[in-house]
Amino acid sequence: AALAHGRAEKGVPGAARTLTMTNSGTQAMSSLVFSLSGDFSRIGGTCGSTLAAGASCTLVIRFRPAGPGPRADTLGISSNAPGSPHSVPLSGTGLALNDLIVDYDAAYGLWAWRNNSAWSQLSTLSSDSLTRANLRNSGSDDLIADFGPRNGLWAWNTATPWAQINGLSPRSLIRADLDNNGIDELVTDFGPGYGLWVLRNNSVWAQLHTLPAQSMVRADLDGNGIDDVVVDFGAGRGLWVWSNNSTWSQLSPNPARSMLRADLDGSGRDDLVVDFGAGIGISVWTNNTAWVALTASTAQGILRADLDGNGQDDLVVDFGAGTGIKVWTNNASWVQLSAQPGFSMVRADLDANGQDDLVIDFGPATGLKVWSNNATWVNLAPPGALPQTGIAIKRMAPAAVDAQ
């Protein structure tokens, strides 16, 4: 037997897989020990140290690749059974976000900086929002773009350029694998009168909540391998979590200015980083147990990125004019990255070496710069067909649009 985990982004837990073990012998198995290392870990299941004759038990295994490309390991099983130890091959693919999608506004449309080498135009239209998702489980990302009320929601991939998903234009959208099958669901906020809806397994729309949201983010807060959805319902309602695709529970009565998921302590479990705005600042919901204050200051932008490539998320915070951009490094200390604030920022592994790069739009006068391999600032010039200076960027998104 073998257990394949499919794709997962480098440093981010993918969908969990369940392995069923059956004792087909006539004697009970005892002294059972399971060993795993590297990119695979056991996060649940019913197997213990014994297994009765004819009985079965389960192991839930999560894949969290430390780098891009094919990854492999072996689950070791030792016991008193004949032929012990036994082994089960494990496999998966680490995904590098080595493409950058840039929306150059209505004048120039959507462009992709692909494989850190060349620009290609994806659409002459500008978007109201962008995200990436694994809707087809094809080995490459789908790019999801909201082209506004006149055009609705569309998906692009290398096999099927631009197919409409919905005629409505959502206020916001995120991806999340709610049923843990390796295929992303698309969670959309269609606003007042519609509320939150989910495109399940790229086939059926289902309502998630009747209320609209201020913002949303996915995070596996309980570490069981199933994505949760954190929703900010605004003042008077605060933050709520749709846990394990089954239950709503309140996380905080306070609304958020912005929020994201990040594994700041390197535990393998998502933390939730929330900027609650002036008067509270930025706090972290750590290991699904407690709020920890990080700074009393509020930010104009926050982003997670493993800048030093050690497998632990760093937090990049743009504090705005006067302070600039700082990095909360390895959950231990603040490091100044830039005295100049940015207009927007995303993380991407442009050179596909397994270490996050930071892409920052410093505005029309300066343009795009890449903090590459935590060492050097590199200018990223616009496509040759566009003006090389003074061009405005509406938004950016990382992706892996070519099969990996």
# chains A, B, ... in the order shown; residues from 1 in each chain; ligands from 1
call {"tool": "residues_around", "arguments": {"residues": "stretch 249-254 of chain A", "least_positions_apart": "6", "cutoff": "12 Å", "atoms": "only C-alpha atoms", "output": "count of residues only"}}
result
33
call {"tool": "residues_around", "arguments": {"residues": "A:His5", "least_positions_apart": "6", "cutoff": "8 Å", "atoms": "only C-alpha atoms", "output": "PyMOL selection string"}}
result
chain A and resi 14-17+63+90-93
call {"tool": "closest_atom_pairs", "arguments": {"of": "stretch 277-376 of chain A", "to": "stretch 117-137 of chain A", "cutoff": "12 Å", "atoms": "only C-alpha atoms", "output": "Markdown table"}}
result
| residue | atom | partner | partner_atom | distance |
| --- | --- | --- | --- | --- |
| A:Val346 | CA | A:Thr131 | CA | 11.7 |
| A:Leu350 | CA | A:Ser117 | CA | 9.2 |
| A:Asp351 | CA | A:Ser117 | CA | 9.3 |
| A:Ala352 | CA | A:Ser117 | CA | 11.8 |
call {"tool": "closest_residue", "arguments": {"among": "A:Ala348, A:Gly320, A:Val204, A:Thr295", "to": "A:Trp334", "atoms": "only C-alpha atoms"}}
result
A:Thr295
call {"tool": "closest_residue", "arguments": {"among": "A:Arg269, A:His209, A:Arg71, A:Arg218", "to": "A:Glu185", "atoms": "only C-alpha atoms"}}
result
A:Arg218
call {"tool": "residues_around", "arguments": {"residues": "A:Ile165", "least_positions_apart": "2", "cutoff": "12 Å", "atoms": "only C-alpha atoms", "output": "list in words"}}
result
Leu135, Asp142, Leu143, Ile144, Ala145, Asp146, Phe147, Asn151, Gly152, Leu153, Trp154, Ala155, Trp156, Trp162, Ala163, Gly167, Leu168, Ser169, Pro170, Leu186, Thr188, Val198, Leu199, Arg200, Asn202, Ser203, Val204 and Trp205 of chain A
call {"tool": "residues_around", "arguments": {"residues": "A:Leu380", "least_positions_apart": "5", "cutoff": "10 Å", "atoms": "only C-alpha atoms", "output": "MDAnalysis selection string"}}
result
chainID A and resid 113 116 359:361 367:370
call {"tool": "write_last_selection", "arguments": {"atoms": "N, CA, C and O atoms", "output": "PDB file, in the first residue's frame"}}
result
ATOM      1  N   TRP A 113       3.869  37.412 -14.421  1.00  0.00           N
ATOM      2  CA  TRP A 113       5.322  37.238 -14.471  1.00  0.00           C
ATOM      3  C   TRP A 113       5.578  35.767 -14.180  1.00  0.00           C
ATOM      4  O   TRP A 113       5.470  35.307 -13.065  1.00  0.00           O
ATOM      5  N   ASN A 116       9.630  33.519 -13.257  1.00  0.00           N
ATOM      6  CA  ASN A 116      10.672  34.517 -13.003  1.00  0.00           C
ATOM      7  C   ASN A 116      11.449  34.883 -14.265  1.00  0.00           C
ATOM      8  O   ASN A 116      12.631  35.203 -14.207  1.00  0.00           O
ATOM      9  N   VAL A 359       7.456  40.634  -2.506  1.00  0.00           N
ATOM     10  CA  VAL A 359       7.232  41.563  -3.613  1.00  0.00           C
ATOM     11  C   VAL A 359       6.440  42.749  -3.087  1.00  0.00           C
ATOM     12  O   VAL A 359       5.352  42.579  -2.530  1.00  0.00           O
ATOM     13  N   ILE A 360       6.991  43.961  -3.259  1.00  0.00           N
ATOM     14  CA  ILE A 360       6.358  45.166  -2.722  1.00  0.00           C
ATOM     15  C   ILE A 360       6.171  46.191  -3.839  1.00  0.00           C
ATOM     16  O   ILE A 360       7.098  46.466  -4.609  1.00  0.00           O
ATOM     17  N   ASP A 361       4.966  46.714  -3.900  1.00  0.00           N
ATOM     18  CA  ASP A 361       4.680  47.838  -4.786  1.00  0.00           C
ATOM     19  C   ASP A 361       4.919  49.118  -3.991  1.00  0.00           C
ATOM     20  O   ASP A 361       4.175  49.441  -3.068  1.00  0.00           O
ATOM     21  N   GLY A 367       7.901  51.795  -8.282  1.00  0.00           N
ATOM     22  CA  GLY A 367       7.554  50.548  -8.935  1.00  0.00           C
ATOM     23  C   GLY A 367       7.682  49.328  -8.045  1.00  0.00           C
ATOM     24  O   GLY A 367       7.736  49.429  -6.809  1.00  0.00           O
ATOM     25  N   LEU A 368       7.768  48.160  -8.685  1.00  0.00           N
ATOM     26  CA  LEU A 368       7.857  46.887  -7.970  1.00  0.00           C
ATOM     27  C   LEU A 368       9.302  46.570  -7.612  1.00  0.00           C
ATOM     28  O   LEU A 368      10.203  46.671  -8.448  1.00  0.00           O
ATOM     29  N   LYS A 369       9.479  46.137  -6.362  1.00  0.00           N
ATOM     30  CA  LYS A 369      10.780  45.637  -5.919  1.00  0.00           C
ATOM     31  C   LYS A 369      10.580  44.291  -5.245  1.00  0.00           C
ATOM     32  O   LYS A 369       9.573  44.043  -4.589  1.00  0.00           O
ATOM     33  N   VAL A 370      11.568  43.402  -5.411  1.00  0.00           N
ATOM     34  CA  VAL A 370      11.536  42.066  -4.824  1.00  0.00           C
ATOM     35  C   VAL A 370      12.661  41.944  -3.806  1.00  0.00           C
ATOM     36  O   VAL A 370      13.841  42.161  -4.131  1.00  0.00           O
TER      37      VAL A 370
END
call {"tool": "residues_around", "arguments": {"residues": "stretch 261-263 of chain A", "least_positions_apart": "2", "cutoff": "8 Å", "atoms": "only C-alpha atoms", "output": "list in words"}}
result
Val217, Arg218, Ala219, Met259, Asp265, Gly266, Ser267, Gly268, Arg269, Asp270, Asp271, Leu272, Val273, Arg304, Gln312, Asp313, Asp314 and Leu315 of chain A
call {"tool": "residues_around", "arguments": {"residues": "A:Ile393", "least_positions_apart": "3", "cutoff": "7 Å", "atoms": "only C-alpha atoms", "output": "list in words"}}
result
Asp103, Tyr104 and Asp105 of chain A
call {"tool": "select_by_dssp", "arguments": {"residues": "stretch 144-296 of chain A", "states": "strand (DSSP E or B)", "output": "PyMOL selection string"}}
result
chain A and resi 144-146+153-156+163-166+172-176+185-189+196-200+204-209+215-219+228-232+239-243+247-252+258-262+271-275+282-286+290-295
call {"tool": "closest_residue", "arguments": {"among": "A:Ala2, A:Ala375, A:Leu59, A:Ala81", "to": "A:Ala28", "atoms": "only C-alpha atoms"}}
result
A:Ala81
call {"tool": "residues_around", "arguments": {"residues": "stretch 46-50 of chain A", "least_positions_apart": "5", "cutoff": "9 Å", "atoms": "only C-alpha atoms", "output": "PyMOL selection string"}}
result
chain A and resi 21+28-33+56-60+79
call {"tool": "write_last_selection", "arguments": {"atoms": "all heavy atoms", "output": "PDB file, in the first residue's frame"}}
result
ATOM      1  N   MET A  21      -5.511   0.531   8.769  1.00  0.00           N
ATOM      2  CA  MET A  21      -4.697  -0.660   8.998  1.00  0.00           C
ATOM      3  C   MET A  21      -5.574  -1.762   9.587  1.00  0.00           C
ATOM      4  O   MET A  21      -6.331  -1.523  10.539  1.00  0.00           O
ATOM      5  CB  MET A  21      -3.539  -0.342   9.951  1.00  0.00           C
ATOM      6  CG  MET A  21      -2.547  -1.486  10.093  1.00  0.00           C
ATOM      7  SD  MET A  21      -1.110  -1.037  11.087  1.00  0.00           S
ATOM      8  CE  MET A  21      -1.819  -1.042  12.723  1.00  0.00           C
ATOM      9  N   ALA A  28      -3.747 -11.027  18.388  1.00  0.00           N
ATOM     10  CA  ALA A  28      -3.724  -9.581  18.586  1.00  0.00           C
ATOM     11  C   ALA A  28      -2.324  -9.037  18.318  1.00  0.00           C
ATOM     12  O   ALA A  28      -1.318  -9.681  18.623  1.00  0.00           O
ATOM     13  CB  ALA A  28      -4.157  -9.235  20.005  1.00  0.00           C
ATOM     14  N   MET A  29      -2.266  -7.859  17.715  1.00  0.00           N
ATOM     15  CA  MET A  29      -1.002  -7.150  17.530  1.00  0.00           C
ATOM     16  C   MET A  29      -0.741  -6.309  18.773  1.00  0.00           C
ATOM     17  O   MET A  29      -1.646  -5.648  19.300  1.00  0.00           O
ATOM     18  CB  MET A  29      -1.045  -6.250  16.297  1.00  0.00           C
ATOM     19  CG  MET A  29      -1.226  -6.999  14.991  1.00  0.00           C
ATOM     20  SD  MET A  29      -1.454  -5.878  13.569  1.00  0.00           S
ATOM     21  CE  MET A  29       0.156  -5.107  13.490  1.00  0.00           C
ATOM     22  N   SER A  30       0.486  -6.309  19.226  1.00  0.00           N
ATOM     23  CA  SER A  30       0.849  -5.517  20.395  1.00  0.00           C
ATOM     24  C   SER A  30       2.167  -4.799  20.134  1.00  0.00           C
ATOM     25  O   SER A  30       2.824  -5.014  19.113  1.00  0.00           O
ATOM     26  CB  SER A  30       0.963  -6.409  21.634  1.00  0.00           C
ATOM     27  OG  SER A  30       1.977  -7.384  21.459  1.00  0.00           O
ATOM     28  N   SER A  31       2.525  -3.917  21.066  1.00  0.00           N
ATOM     29  CA  SER A  31       3.766  -3.123  20.968  1.00  0.00           C
ATOM     30  C   SER A  31       3.839  -2.348  19.661  1.00  0.00           C
ATOM     31  O   SER A  31       4.908  -2.185  19.070  1.00  0.00           O
ATOM     32  CB  SER A  31       5.004  -4.027  21.110  1.00  0.00           C
ATOM     33  OG  SER A  31       4.971  -4.747  22.308  1.00  0.00           O
ATOM     34  N   LEU A  32       2.667  -1.875  19.197  1.00  0.00           N
ATOM     35  CA  LEU A  32       2.626  -1.109  17.954  1.00  0.00           C
ATOM     36  C   LEU A  32       3.297   0.255  18.135  1.00  0.00           C
ATOM     37  O   LEU A  32       2.992   1.007  19.080  1.00  0.00           O
ATOM     38  CB  LEU A  32       1.182  -0.895  17.521  1.00  0.00           C
ATOM     39  CG  LEU A  32       0.532  -1.976  16.649  1.00  0.00           C
ATOM     40  CD1 LEU A  32      -0.972  -1.777  16.605  1.00  0.00           C
ATOM     41  CD2 LEU A  32       1.115  -1.941  15.241  1.00  0.00           C
ATOM     42  N   VAL A  33       4.218   0.563  17.235  1.00  0.00           N
ATOM     43  CA  VAL A  33       4.895   1.859  17.231  1.00  0.00           C
ATOM     44  C   VAL A  33       4.914   2.373  15.795  1.00  0.00           C
ATOM     45  O   VAL A  33       5.277   1.640  14.869  1.00  0.00           O
ATOM     46  CB  VAL A  33       6.335   1.757  17.773  1.00  0.00           C
ATOM     47  CG1 VAL A  33       7.039   3.101  17.651  1.00  0.00           C
ATOM     48  CG2 VAL A  33       6.335   1.289  19.222  1.00  0.00           C
ATOM     49  N   SER A  56      -9.670  -3.198  12.798  1.00  0.00           N
ATOM     50  CA  SER A  56      -9.017  -2.164  11.995  1.00  0.00           C
ATOM     51  C   SER A  56      -8.885  -0.882  12.800  1.00  0.00           C
ATOM     52  O   SER A  56      -9.642  -0.635  13.751  1.00  0.00           O
ATOM     53  CB  SER A  56      -9.820  -1.869  10.716  1.00  0.00           C
ATOM     54  OG  SER A  56      -9.900  -3.007   9.884  1.00  0.00           O
ATOM     55  N   CYS A  57      -7.930  -0.044  12.418  1.00  0.00           N
ATOM     56  CA  CYS A  57      -7.762   1.270  13.023  1.00  0.00           C
ATOM     57  C   CYS A  57      -7.250   2.231  11.954  1.00  0.00           C
ATOM     58  O   CYS A  57      -6.905   1.810  10.843  1.00  0.00           O
ATOM     59  CB  CYS A  57      -6.823   1.234  14.226  1.00  0.00           C
ATOM     60  SG  CYS A  57      -5.102   0.809  13.819  1.00  0.00           S
ATOM     61  N   THR A  58      -7.216   3.507  12.280  1.00  0.00           N
ATOM     62  CA  THR A  58      -6.842   4.506  11.281  1.00  0.00           C
ATOM     63  C   THR A  58      -5.683   5.370  11.772  1.00  0.00           C
ATOM     64  O   THR A  58      -5.488   5.587  12.978  1.00  0.00           O
ATOM     65  CB  THR A  58      -8.026   5.427  10.946  1.00  0.00           C
ATOM     66  OG1 THR A  58      -8.471   6.085  12.145  1.00  0.00           O
ATOM     67  CG2 THR A  58      -9.170   4.638  10.338  1.00  0.00           C
ATOM     68  N   LEU A  59      -4.933   5.898  10.796  1.00  0.00           N
ATOM     69  CA  LEU A  59      -3.906   6.903  11.027  1.00  0.00           C
ATOM     70  C   LEU A  59      -4.209   8.092  10.109  1.00  0.00           C
ATOM     71  O   LEU A  59      -4.421   7.904   8.908  1.00  0.00           O
ATOM     72  CB  LEU A  59      -2.512   6.361  10.700  1.00  0.00           C
ATOM     73  CG  LEU A  59      -1.966   5.230  11.560  1.00  0.00           C
ATOM     74  CD1 LEU A  59      -0.782   4.578  10.862  1.00  0.00           C
ATOM     75  CD2 LEU A  59      -1.531   5.771  12.913  1.00  0.00           C
ATOM     76  N   VAL A  60      -4.257   9.281  10.671  1.00  0.00           N
ATOM     77  CA  VAL A  60      -4.451  10.487   9.875  1.00  0.00           C
ATOM     78  C   VAL A  60      -3.091  11.173   9.729  1.00  0.00           C
ATOM     79  O   VAL A  60      -2.459  11.535  10.730  1.00  0.00           O
ATOM     80  CB  VAL A  60      -5.472  11.438  10.514  1.00  0.00           C
ATOM     81  CG1 VAL A  60      -5.663  12.678   9.639  1.00  0.00           C
ATOM     82  CG2 VAL A  60      -6.801  10.729  10.727  1.00  0.00           C
ATOM     83  N   SER A  79       5.815  -3.947  15.399  1.00  0.00           N
ATOM     84  CA  SER A  79       4.905  -4.625  16.328  1.00  0.00           C
ATOM     85  C   SER A  79       5.430  -6.038  16.571  1.00  0.00           C
ATOM     86  O   SER A  79       6.537  -6.399  16.143  1.00  0.00           O
ATOM     87  CB  SER A  79       3.486  -4.671  15.745  1.00  0.00           C
ATOM     88  OG  SER A  79       3.454  -5.554  14.624  1.00  0.00           O
TER      89      SER A  79
END
call {"tool": "closest_residue", "arguments": {"among": "A:Ile77, A:Leu3, A:Leu358, A:Ile325", "to": "A:Ile61", "atoms": "only C-alpha atoms"}}
result
A:Leu3
call {"tool": "atom_distance", "arguments": {"atom1": "atom CA of A:Pro149", "atom2": "atom CA of A:Lys394"}}
result
17.3 Å
call {"tool": "atom_distance", "arguments": {"atom1": "atom CA of A:Phe343", "atom2": "atom CA of A:Phe362"}}
result
5.5 Å
call {"tool": "atom_distance", "arguments": {"atom1": "atom CA of A:Thr366", "atom2": "atom CA of A:Pro382"}}
result
11.5 Å
